[in-house]
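These notes concern the structure reproduced below.
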Amino acid sequence: MPNDPNSDSYLLGVLGAGAMGRGIAQVAAAGGMRVRLFDANADVAKDAHTFIGSMFNRAAERGRMTADEAAAALGRVETVSGMQGFAECDAVIEAIVENLDVKHKVLSELEGIVRADAIIASNTSSLSVTTIASACKHPERVAGFHFFNPVPLMPLVEVIAGVLTEEWVCEALMKIGRRMTREPVRVNDAPGFLVNQVGRGFNIEAAHMVQEGIGDTVSIDRIMRDGAGFRMGPFQLMDLTGLDVTHPATVLIYQQAFDEPRFRPAMMMEARTRAGRLGRKTGAGFYEYKDGKAVEAEEASAPAYDGRPIWVSNAEPEGRDAVVAVLKETGAKLDVGETPGSNSVILVTPIGDDATTCAVAQGLDAKRTVAVDTLIGFERRRTLMTTPITDPAFRDAAHGALSGDGVPVTVVRDGPGFVAQRIVAMICNVGCSVAQLGVAAPDDIDKAVTLGLNYPYGPLTFGDRIGPDRILRILEAIHGLYRDPRYRPNPWLIRRAKLGVSLLTPNT
Ligand code: NAI
């Protein structure tokens with residue numbers, strides 16, 4: 001009979017005492033569990049023990065635990081000199097190198113040591129749990145237990161069932177996760193599991209947009225941060241993580257998903273990885289770093305509004321009203337004619353469509369047309385988009401007028417869905433696919449993404465806030481222009497948009 005993870009006697013093994021292993025051991029001991037820690041490099045294991053002790057001491061200094069509790073917590077962590085030290089463990093969490101052959105070899109060896117009813121869990125971030133388990137004689141007791149870095153600060157842990165994993169194993173890992181004061185979420189094995197799958201919608205889409213010349217990295221970061229409310233822009237995030245980590249994980253997810261176009265990596269990420277522009281760790285990535293800080297070019301001041309009349313299309317009445325309200329406030333001259341006057345700036349407020357498509361569909365002069373994103377971020381940072389032939393004088397007039405109330409404006413080149421609409425729609429679509437494929441329950445998808453990626457909302461709630469019908473429109477417009485299956489809307493989204501219900505609605 002497996003031991004109850006909530007019992008005092010429960011004994012956890014942690015294999016690998018690097019960045020992740022030591023964090024896992026720390027939170028387990030803090031949660032009252034006894035831990036045995038092993039690393040092939042004895043110095044690393046010793047260092048991890050000292051490190052964990054210093055973390056507990058710091059917590060005591062800050063009043064988060066008493067000195068006695070800190071000493072007791074450290075007393076629960078024991079380093080062992082070989083995997084034999086795991087013989088009595090109830091569960092062993094593997095956190096060694098991300099290499100399938102090495103994991104296979106080590107786990108087969110481990111299986112010969114641990115008890116017949118011991119759980120074997122892997123902290124792999126990108127390898128298939130089912131494939132890892134396939135080297136074991138008893139794959140039914142193998143599961144994924146995916147923590148995030150740095151473990152003590154990131155409460156999420158994904159409990160991942162491989163094809164053969166038995167239910168009791170996942171239930172025990174959920175309990176272990178809670179005992180570690182984590183927020184465990186149940187996931188079924190899939191490329192990138194849950195969180196890393198959804199994260200592709202943010203990074204790769206942004207990279208594709210830069211590749212296409214829609215905007216530069218700084219502009220896209222500013223739009224996503226200030227406008228869409230993300231804590232970091234996609235390029236800041238990639239610099240922080242390092243392209244040597246992000247890009248191979250992206251390639252692996254794409255390959256594991258049999259070339260699913262939604263996960264197709266961006267060529268520029270491959271090139272930049274090969275060039276060694278990895279990010280903060282190499283002193284240069286998408287940004288240059290001085291004294292560890294990114295150097296961000298100052299934003300150019302907005303051009304002055306030259307007083308030319310501005311006509312706003314009524315094709316999207318809500319968008320029109322938002323733009324007109326700002327123009328009235330900033331004192332711009334409004335052209336209120338049925339059709340634009342001969343020297344008027346023409347503003348359109350598309351949902352999904354690019355500026356060119358809007359101009360042509362509405363019979364407007366593309367040389368004077370500028371599109372404004374009123375759907376995402378209009379109050380905090382405005383995004384304008386030009387057609388390939390927009391006259392710079394008309395673009396500048398729109399820029400000047402729409403920044404007259406002090407809200408910064410970013411101008412990008414033509415692309416369906418601007419920047420924020422497109423990235424948010426992609427994130428939402430991947431979230432819908434995760435739900436559709438049964439990788440995780442709708443509520444868990446949002447919970448995991450907000451905890452694991454710090455997005456302002458989970459993908460399904462984000463979609464609900466914008467409106468599932470609008471997310472669908474955005475994706476259909478992008479798909480219509482590129483004819484790339486990457487942008488095909490997921491059936492989970494299509495059905496809920498048609499029914500007018502929340503994207504969090506599970507199937508009955
Ligand atoms: P790390 O390189 O900091 O630590 C790995 C440790 O494993 C090293 O100390 C190494 O000496 C030890 N090791 C290697 N082979 C061993 C063996 N046969 N027996 C015992 N110890 C062995 O790596 P890190 O970052 O801690 O990653 C570990 C695992 O966690 C990987 O599978 C990684 O993909 C996963 N992971 C990493 C995250 C991160 O952000 N660093 C996030 C989530 C998962």
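FYI, nothing fancy with the structure tokens labels: chains A, B, ... in order, residues from 1 per chain, ligands from 1 as they appear.
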
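All residues, whether protein, DNA or RNA, that have an atom at most 7 Å from ligand 1 (counting only C-alpha atoms and all ligand atoms) are Leu15, Gly16, Ala17, Gly18, Ala19, Met20, Gly21, Phe38, Asp39, Ala40, Asn41, Val44, Ala95, Ile96, Val97, Glu98, Val102, Val106, Asn123, Thr124, Ser125, Ser126, His146, Phe147, Phe148 and Asn149 of chain A.
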
Would you save the residues from that selection as a compact mmCIF listing (two decimals), in the first residue's frame, using N, CA, C and O atoms?
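Output file selection39.txt follows:
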# COMPACT_ATOMS: atom_id res chain seq x y z
N LEU A 15 16.15 13.91 -7.14
CA LEU A 15 17.30 13.48 -7.92
C LEU A 15 17.78 14.65 -8.77
O LEU A 15 17.07 15.08 -9.68
N GLY A 16 18.96 15.15 -8.45
CA GLY A 16 19.47 16.35 -9.13
C GLY A 16 19.27 17.53 -8.20
O GLY A 16 18.15 17.79 -7.74
N ALA A 17 20.38 18.21 -7.87
CA ALA A 17 20.29 19.32 -6.89
C ALA A 17 20.67 20.65 -7.53
O ALA A 17 21.19 21.54 -6.87
N GLY A 18 20.39 20.76 -8.83
CA GLY A 18 20.67 22.02 -9.53
C GLY A 18 19.63 23.07 -9.18
O GLY A 18 19.02 23.03 -8.10
N ALA A 19 19.42 23.99 -10.12
CA ALA A 19 18.50 25.10 -9.87
C ALA A 19 17.12 24.60 -9.45
O ALA A 19 16.51 25.11 -8.49
N MET A 20 16.64 23.56 -10.13
CA MET A 20 15.27 23.09 -9.85
C MET A 20 15.23 22.14 -8.66
O MET A 20 14.38 22.29 -7.77
N GLY A 21 16.13 21.18 -8.64
CA GLY A 21 16.12 20.18 -7.58
C GLY A 21 16.19 20.81 -6.19
O GLY A 21 15.43 20.44 -5.28
N PHE A 38 19.90 13.93 -3.87
CA PHE A 38 21.13 13.36 -4.45
C PHE A 38 21.49 14.09 -5.74
O PHE A 38 20.63 14.39 -6.56
N ASP A 39 22.78 14.34 -5.90
CA ASP A 39 23.28 14.86 -7.18
C ASP A 39 24.54 14.09 -7.52
O ASP A 39 25.34 13.77 -6.63
N ALA A 40 24.72 13.81 -8.82
CA ALA A 40 25.91 13.07 -9.26
C ALA A 40 27.17 13.84 -8.86
O ALA A 40 28.23 13.25 -8.67
N ASN A 41 27.04 15.13 -8.77
CA ASN A 41 28.17 15.96 -8.35
C ASN A 41 27.98 16.28 -6.85
O ASN A 41 27.11 17.06 -6.47
N VAL A 44 27.79 19.84 -5.71
CA VAL A 44 26.51 20.51 -6.00
C VAL A 44 25.50 20.18 -4.90
O VAL A 44 24.77 21.05 -4.41
N ALA A 95 15.14 15.64 -11.37
CA ALA A 95 15.39 16.98 -11.93
C ALA A 95 16.84 17.05 -12.42
O ALA A 95 17.62 17.90 -12.00
N ILE A 96 17.19 16.11 -13.30
CA ILE A 96 18.55 16.11 -13.86
C ILE A 96 18.49 16.75 -15.26
O ILE A 96 17.51 17.38 -15.60
N VAL A 97 19.53 16.55 -16.04
CA VAL A 97 19.59 17.22 -17.36
C VAL A 97 18.42 16.86 -18.26
O VAL A 97 17.89 15.75 -18.20
N GLU A 98 18.05 17.81 -19.11
CA GLU A 98 16.92 17.61 -20.04
C GLU A 98 17.40 16.83 -21.27
O GLU A 98 17.55 17.39 -22.37
N VAL A 102 19.64 10.24 -21.20
CA VAL A 102 20.15 10.23 -19.82
C VAL A 102 19.01 9.92 -18.86
O VAL A 102 19.14 9.10 -17.95
N VAL A 106 18.91 6.75 -16.30
CA VAL A 106 18.88 6.99 -14.85
C VAL A 106 17.57 6.44 -14.23
O VAL A 106 17.59 5.83 -13.16
N ASN A 123 10.60 16.16 -13.55
CA ASN A 123 10.37 17.62 -13.66
C ASN A 123 10.66 18.11 -15.08
O ASN A 123 10.87 19.30 -15.30
N THR A 124 10.68 17.21 -16.04
CA THR A 124 10.98 17.63 -17.42
C THR A 124 10.10 18.81 -17.82
O THR A 124 8.93 18.87 -17.46
N SER A 125 10.69 19.74 -18.60
CA SER A 125 9.88 20.87 -19.04
C SER A 125 9.42 20.69 -20.48
O SER A 125 8.50 21.36 -20.92
N SER A 126 10.07 19.80 -21.24
CA SER A 126 9.69 19.73 -22.65
C SER A 126 9.65 18.31 -23.23
O SER A 126 9.20 18.14 -24.36
N HIS A 146 5.87 19.09 -13.07
CA HIS A 146 6.62 20.18 -13.70
C HIS A 146 6.53 21.48 -12.89
O HIS A 146 5.49 22.13 -12.86
N PHE A 147 7.66 21.82 -12.27
CA PHE A 147 7.76 23.05 -11.48
C PHE A 147 8.29 24.17 -12.37
O PHE A 147 8.83 23.93 -13.45
N PHE A 148 8.19 25.39 -11.87
CA PHE A 148 8.65 26.56 -12.63
C PHE A 148 9.76 27.26 -11.85
O PHE A 148 9.82 27.17 -10.62
N ASN A 149 10.60 27.93 -12.56
CA ASN A 149 11.81 28.53 -11.99
C ASN A 149 11.61 30.02 -11.69
O ASN A 149 11.14 30.73 -12.58

Check your understanding: Residues at most 12 Å from stretch 318-323 of chain A, counting only C-alpha atoms, excluding those fewer than 3 positions away in the same chain, as a PyMOL selection string?
Key -> chain A and resi 310-315+326-330+332+334+336+346-351+371-379+382-384+398+401-403+405

Store the residues of this selection in a file with N, CA and C atoms, as a tab-separated table (two decimals), in the first residue's frame.
chain	number	residue	atom	x	y	z
A	310	ILE	N	-10.08	65.19	-39.75
A	310	ILE	CA	-10.01	63.73	-39.56
A	310	ILE	C	-11.40	63.14	-39.69
A	311	TRP	N	-11.50	62.19	-40.57
A	311	TRP	CA	-12.77	61.50	-40.81
A	311	TRP	C	-12.63	60.09	-40.24
A	312	VAL	N	-13.66	59.65	-39.50
A	312	VAL	CA	-13.56	58.32	-38.87
A	312	VAL	C	-14.66	57.42	-39.43
A	313	SER	N	-14.25	56.29	-39.94
A	313	SER	CA	-15.21	55.34	-40.53
A	313	SER	C	-16.17	54.82	-39.46
A	314	ASN	N	-17.41	54.62	-39.85
A	314	ASN	CA	-18.43	54.10	-38.93
A	314	ASN	C	-18.65	52.60	-39.11
A	315	ALA	N	-17.73	51.94	-39.84
A	315	ALA	CA	-17.91	50.50	-40.09
A	315	ALA	C	-17.93	49.72	-38.77
A	326	VAL	N	-11.84	60.71	-28.22
A	326	VAL	CA	-10.47	61.20	-27.98
A	326	VAL	C	-10.20	62.43	-28.84
A	327	LEU	N	-10.62	62.38	-30.09
A	327	LEU	CA	-10.34	63.51	-30.99
A	327	LEU	C	-11.04	64.77	-30.51
A	328	LYS	N	-12.24	64.59	-29.96
A	328	LYS	CA	-12.97	65.75	-29.42
A	328	LYS	C	-12.20	66.32	-28.23
A	329	GLU	N	-11.71	65.40	-27.38
A	329	GLU	CA	-11.00	65.83	-26.18
A	329	GLU	C	-9.71	66.56	-26.53
A	330	THR	N	-9.03	66.09	-27.57
A	330	THR	CA	-7.73	66.69	-27.91
A	330	THR	C	-7.90	67.90	-28.84
A	332	ALA	N	-8.98	67.99	-31.98
A	332	ALA	CA	-8.69	67.79	-33.41
A	332	ALA	C	-9.91	68.21	-34.24
A	334	LEU	N	-12.68	67.57	-36.68
A	334	LEU	CA	-13.38	66.37	-37.17
A	334	LEU	C	-14.06	66.64	-38.50
A	336	VAL	N	-17.07	65.43	-40.37
A	336	VAL	CA	-18.24	64.63	-40.03
A	336	VAL	C	-19.10	64.30	-41.26
A	346	ILE	N	-8.08	59.63	-42.98
A	346	ILE	CA	-9.16	58.64	-42.87
A	346	ILE	C	-8.77	57.60	-41.81
A	347	LEU	N	-9.59	57.51	-40.78
A	347	LEU	CA	-9.30	56.52	-39.73
A	347	LEU	C	-10.30	55.37	-39.79
A	348	VAL	N	-9.77	54.16	-39.71
A	348	VAL	CA	-10.62	52.97	-39.62
A	348	VAL	C	-10.26	52.23	-38.33
A	349	THR	N	-11.21	51.46	-37.80
A	349	THR	CA	-10.97	50.80	-36.51
A	349	THR	C	-11.25	49.30	-36.63
A	350	PRO	N	-10.43	48.59	-37.39
A	350	PRO	CA	-10.76	47.19	-37.70
A	350	PRO	C	-10.62	46.23	-36.53
A	351	ILE	N	-11.42	45.18	-36.61
A	351	ILE	CA	-11.25	44.04	-35.71
A	351	ILE	C	-10.77	42.91	-36.61
A	371	ALA	N	-5.19	52.87	-39.66
A	371	ALA	CA	-6.07	52.05	-38.80
A	371	ALA	C	-5.69	52.27	-37.33
A	372	VAL	N	-6.69	52.24	-36.47
A	372	VAL	CA	-6.46	52.41	-35.02
A	372	VAL	C	-7.03	51.19	-34.31
A	373	ASP	N	-6.22	50.63	-33.40
A	373	ASP	CA	-6.71	49.50	-32.60
A	373	ASP	C	-7.48	50.05	-31.40
A	374	THR	N	-8.78	49.91	-31.43
A	374	THR	CA	-9.57	50.39	-30.28
A	374	THR	C	-9.98	49.24	-29.37
A	375	LEU	N	-9.59	48.01	-29.79
A	375	LEU	CA	-10.05	46.83	-29.03
A	375	LEU	C	-9.16	46.54	-27.82
A	376	ILE	N	-7.85	46.65	-28.02
A	376	ILE	CA	-6.94	46.30	-26.91
A	376	ILE	C	-5.98	47.45	-26.67
A	377	GLY	N	-6.05	48.01	-25.48
A	377	GLY	CA	-5.04	48.98	-25.04
A	377	GLY	C	-5.28	50.40	-25.48
A	378	PHE	N	-6.45	50.71	-25.96
A	378	PHE	CA	-6.69	52.05	-26.50
A	378	PHE	C	-6.50	53.15	-25.45
A	379	GLU	N	-6.80	52.81	-24.21
A	379	GLU	CA	-6.71	53.82	-23.14
A	379	GLU	C	-5.28	54.04	-22.64
A	382	ARG	N	-1.80	53.55	-27.68
A	382	ARG	CA	-2.57	53.34	-28.91
A	382	ARG	C	-1.68	52.78	-30.02
A	383	THR	N	-2.25	51.87	-30.78
A	383	THR	CA	-1.52	51.32	-31.92
A	383	THR	C	-2.19	51.81	-33.20
A	384	LEU	N	-1.37	52.41	-34.06
A	384	LEU	CA	-1.84	52.82	-35.39
A	384	LEU	C	-1.16	51.93	-36.41
A	398	ALA	N	-2.47	61.70	-37.92
A	398	ALA	CA	-3.25	60.79	-37.06
A	398	ALA	C	-2.51	60.55	-35.75
A	401	ALA	N	-2.71	63.71	-33.53
A	401	ALA	CA	-4.05	63.94	-32.98
A	401	ALA	C	-4.39	62.90	-31.90
A	402	LEU	N	-4.01	61.65	-32.14
A	402	LEU	CA	-4.40	60.59	-31.19
A	402	LEU	C	-3.46	60.49	-29.98
A	403	SER	N	-2.39	61.28	-29.97
A	403	SER	CA	-1.55	61.29	-28.76
A	403	SER	C	-1.72	62.62	-28.02
A	405	ASP	N	-3.82	63.60	-25.96
A	405	ASP	CA	-4.21	63.51	-24.54
A	405	ASP	C	-3.12	62.86	-23.69

Residues of stretch 181-262 of chain A in strand (DSSP E or B) according to DSSP, as a compact mmCIF listing (two decimals) with all heavy atoms, in the first residue's frame?
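Writing the result to out.txt gives the following:
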# COMPACT_ATOMS: atom_id res chain seq x y z
N GLU A 183 0.46 25.21 -6.06
CA GLU A 183 -0.89 25.14 -6.65
C GLU A 183 -0.82 24.10 -7.77
O GLU A 183 -0.48 24.43 -8.90
CB GLU A 183 -1.28 26.49 -7.25
CG GLU A 183 -1.45 27.58 -6.25
CD GLU A 183 -2.90 27.73 -5.80
OE1 GLU A 183 -3.75 26.92 -6.21
OE2 GLU A 183 -3.15 28.67 -5.03
N PRO A 184 -1.09 22.84 -7.45
CA PRO A 184 -0.98 21.83 -8.50
C PRO A 184 -2.16 21.86 -9.47
O PRO A 184 -3.30 22.14 -9.07
CB PRO A 184 -0.96 20.52 -7.72
CG PRO A 184 -1.55 20.81 -6.39
CD PRO A 184 -1.47 22.29 -6.14
N VAL A 185 -1.88 21.58 -10.73
CA VAL A 185 -2.92 21.56 -11.76
C VAL A 185 -2.78 20.26 -12.55
O VAL A 185 -1.68 19.89 -12.94
CB VAL A 185 -2.76 22.79 -12.69
CG1 VAL A 185 -3.62 22.65 -13.93
CG2 VAL A 185 -3.14 24.06 -11.96
N ARG A 186 -3.91 19.59 -12.79
CA ARG A 186 -3.88 18.31 -13.50
C ARG A 186 -3.82 18.53 -15.00
O ARG A 186 -4.62 19.27 -15.57
CB ARG A 186 -5.17 17.53 -13.19
CG ARG A 186 -5.13 16.75 -11.91
CD ARG A 186 -4.12 15.63 -11.96
NE ARG A 186 -4.45 14.65 -13.00
CZ ARG A 186 -5.19 13.58 -12.78
NH1 ARG A 186 -5.70 13.34 -11.59
NH2 ARG A 186 -5.44 12.73 -13.75
N VAL A 187 -2.87 17.84 -15.62
CA VAL A 187 -2.65 18.00 -17.06
C VAL A 187 -2.43 16.61 -17.67
O VAL A 187 -1.89 15.73 -17.01
CB VAL A 187 -1.38 18.87 -17.29
CG1 VAL A 187 -1.09 19.05 -18.77
CG2 VAL A 187 -1.51 20.24 -16.62
N ASN A 188 -2.87 16.45 -18.92
CA ASN A 188 -2.54 15.21 -19.62
C ASN A 188 -1.36 15.48 -20.55
O ASN A 188 -1.23 16.59 -21.09
CB ASN A 188 -3.75 14.71 -20.42
CG ASN A 188 -4.80 14.15 -19.47
OD1 ASN A 188 -4.49 13.43 -18.52
ND2 ASN A 188 -6.05 14.51 -19.71

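Proximity of A:Leu278, A:Ala257, A:Met55, A:Ala441 to A:Gln197, computed with only C-alpha atoms, is greatest for A:Ala257.
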
Check your understanding: If you count only C-alpha atoms, which residues fall within 9 Å of A:Tyr10, apart from same-chain ones fewer than 6 positions away, as JSON, numbers by chain?
Key -> {"A": [3, 4, 33, 34, 35, 89, 90, 91]}

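Straight-line separation from atom CA of A:Glu61 to atom CA of A:Ala73: 14.6 Å.
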
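Near A:Gly75, within 10 Å and counting only C-alpha atoms, sit Ala29, Arg34, Val35, Gly53, Glu69, Ala70 and Ala71 of chain A; same-chain residues fewer than 4 positions away were not included.
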
Generate the output file for the selected residues, all heavy atoms, as a compact mmCIF listing (two decimals), in the first residue's frame.
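Contents of the output file selection_26.txt:
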# COMPACT_ATOMS: atom_id res chain seq x y z
N ALA A 29 10.56 20.56 2.08
CA ALA A 29 10.94 20.59 3.51
C ALA A 29 10.16 21.69 4.24
O ALA A 29 9.72 21.50 5.37
CB ALA A 29 12.44 20.82 3.64
N ARG A 34 9.89 15.09 4.69
CA ARG A 34 11.28 14.67 4.80
C ARG A 34 11.82 14.44 3.39
O ARG A 34 11.13 13.83 2.55
CB ARG A 34 11.39 13.39 5.62
CG ARG A 34 10.97 13.60 7.08
CD ARG A 34 11.37 12.40 7.92
NE ARG A 34 10.73 11.18 7.43
CZ ARG A 34 11.38 10.03 7.22
NH1 ARG A 34 12.67 9.93 7.46
NH2 ARG A 34 10.72 8.96 6.81
N VAL A 35 13.03 14.92 3.14
CA VAL A 35 13.56 14.91 1.77
C VAL A 35 14.96 14.30 1.75
O VAL A 35 15.80 14.62 2.59
CB VAL A 35 13.65 16.35 1.20
CG1 VAL A 35 14.11 16.33 -0.25
CG2 VAL A 35 12.32 17.08 1.32
N GLY A 53 19.56 25.96 3.42
CA GLY A 53 19.68 26.48 4.80
C GLY A 53 19.65 28.00 4.80
O GLY A 53 18.98 28.63 5.64
N GLU A 69 11.74 26.79 13.54
CA GLU A 69 11.11 26.18 12.35
C GLU A 69 12.13 26.07 11.21
O GLU A 69 12.15 25.07 10.47
CB GLU A 69 9.91 27.01 11.89
CG GLU A 69 8.68 26.80 12.75
CD GLU A 69 7.59 27.86 12.54
OE1 GLU A 69 7.87 28.90 11.89
OE2 GLU A 69 6.49 27.64 13.04
N ALA A 70 12.97 27.10 11.06
CA ALA A 70 13.98 27.09 10.00
C ALA A 70 14.95 25.93 10.23
O ALA A 70 15.28 25.18 9.30
CB ALA A 70 14.73 28.42 9.98
N ALA A 71 15.37 25.76 11.47
CA ALA A 71 16.31 24.68 11.78
C ALA A 71 15.64 23.32 11.54
O ALA A 71 16.26 22.40 10.99
CB ALA A 71 16.77 24.81 13.23

Point to revise | Nearby residues (only C-alpha atoms) at most 9 Å from A:Gln436, same-chain spacing under 3 positions excluded, as a ChimeraX atom specification | key: /A:431-433,439-440,490-493

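Between A:Asp8 and the candidates A:Gln236, A:Ile176, A:Pro139, A:Phe56, the tightest atom-to-atom separation, counting only C-alpha atoms, involves A:Ile176.
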
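Ranking A:Leu12, A:Ala266, A:Ala72, A:Met180 by their shortest atom-to-atom distance to A:Met209, with only C-alpha atoms included, puts A:Ala266 first.
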
Exercise for review: Please provide as a PyMOL selection string all residues within 12 Å of A:Arg465, with the sequence filter that same-chain residues fewer than 2 positions apart are discarded (counting only C-alpha atoms).
Suggested key: chain A and resi 375-376+424-425+428+456-463+467-471+501-504

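Considering the residues A:Val198, A:Ala206, A:Ala304, A:Val324 and counting only C-alpha atoms, A:Met269 has its shortest atom-to-atom contact with A:Ala206.
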
Check your understanding: Can you list, as number ranges by chain, every protein, DNA or RNA residue that comes within 10 Å of A:Leu252 when you count only C-alpha atoms, leaving out same-chain residues fewer than 4 positions away?
Key -> A: 126-128, 191-192, 247-248, 256-259, 263, 265

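Here atom CA of A:Ser81 and atom CA of A:Leu110 stand 13.9 Å from one another.
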
Check your understanding: So which one's closest to A:Ile24, A:Gly162, A:Pro152, A:Pro317, A:Gly363? Using only C-alpha atoms, please.
Key -> A:Pro152

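In this comparison, which uses only C-alpha atoms, the residue of A:Glu158, A:Asp68, A:Asp365, A:Glu205 approaching A:Arg262 most closely is A:Glu205.
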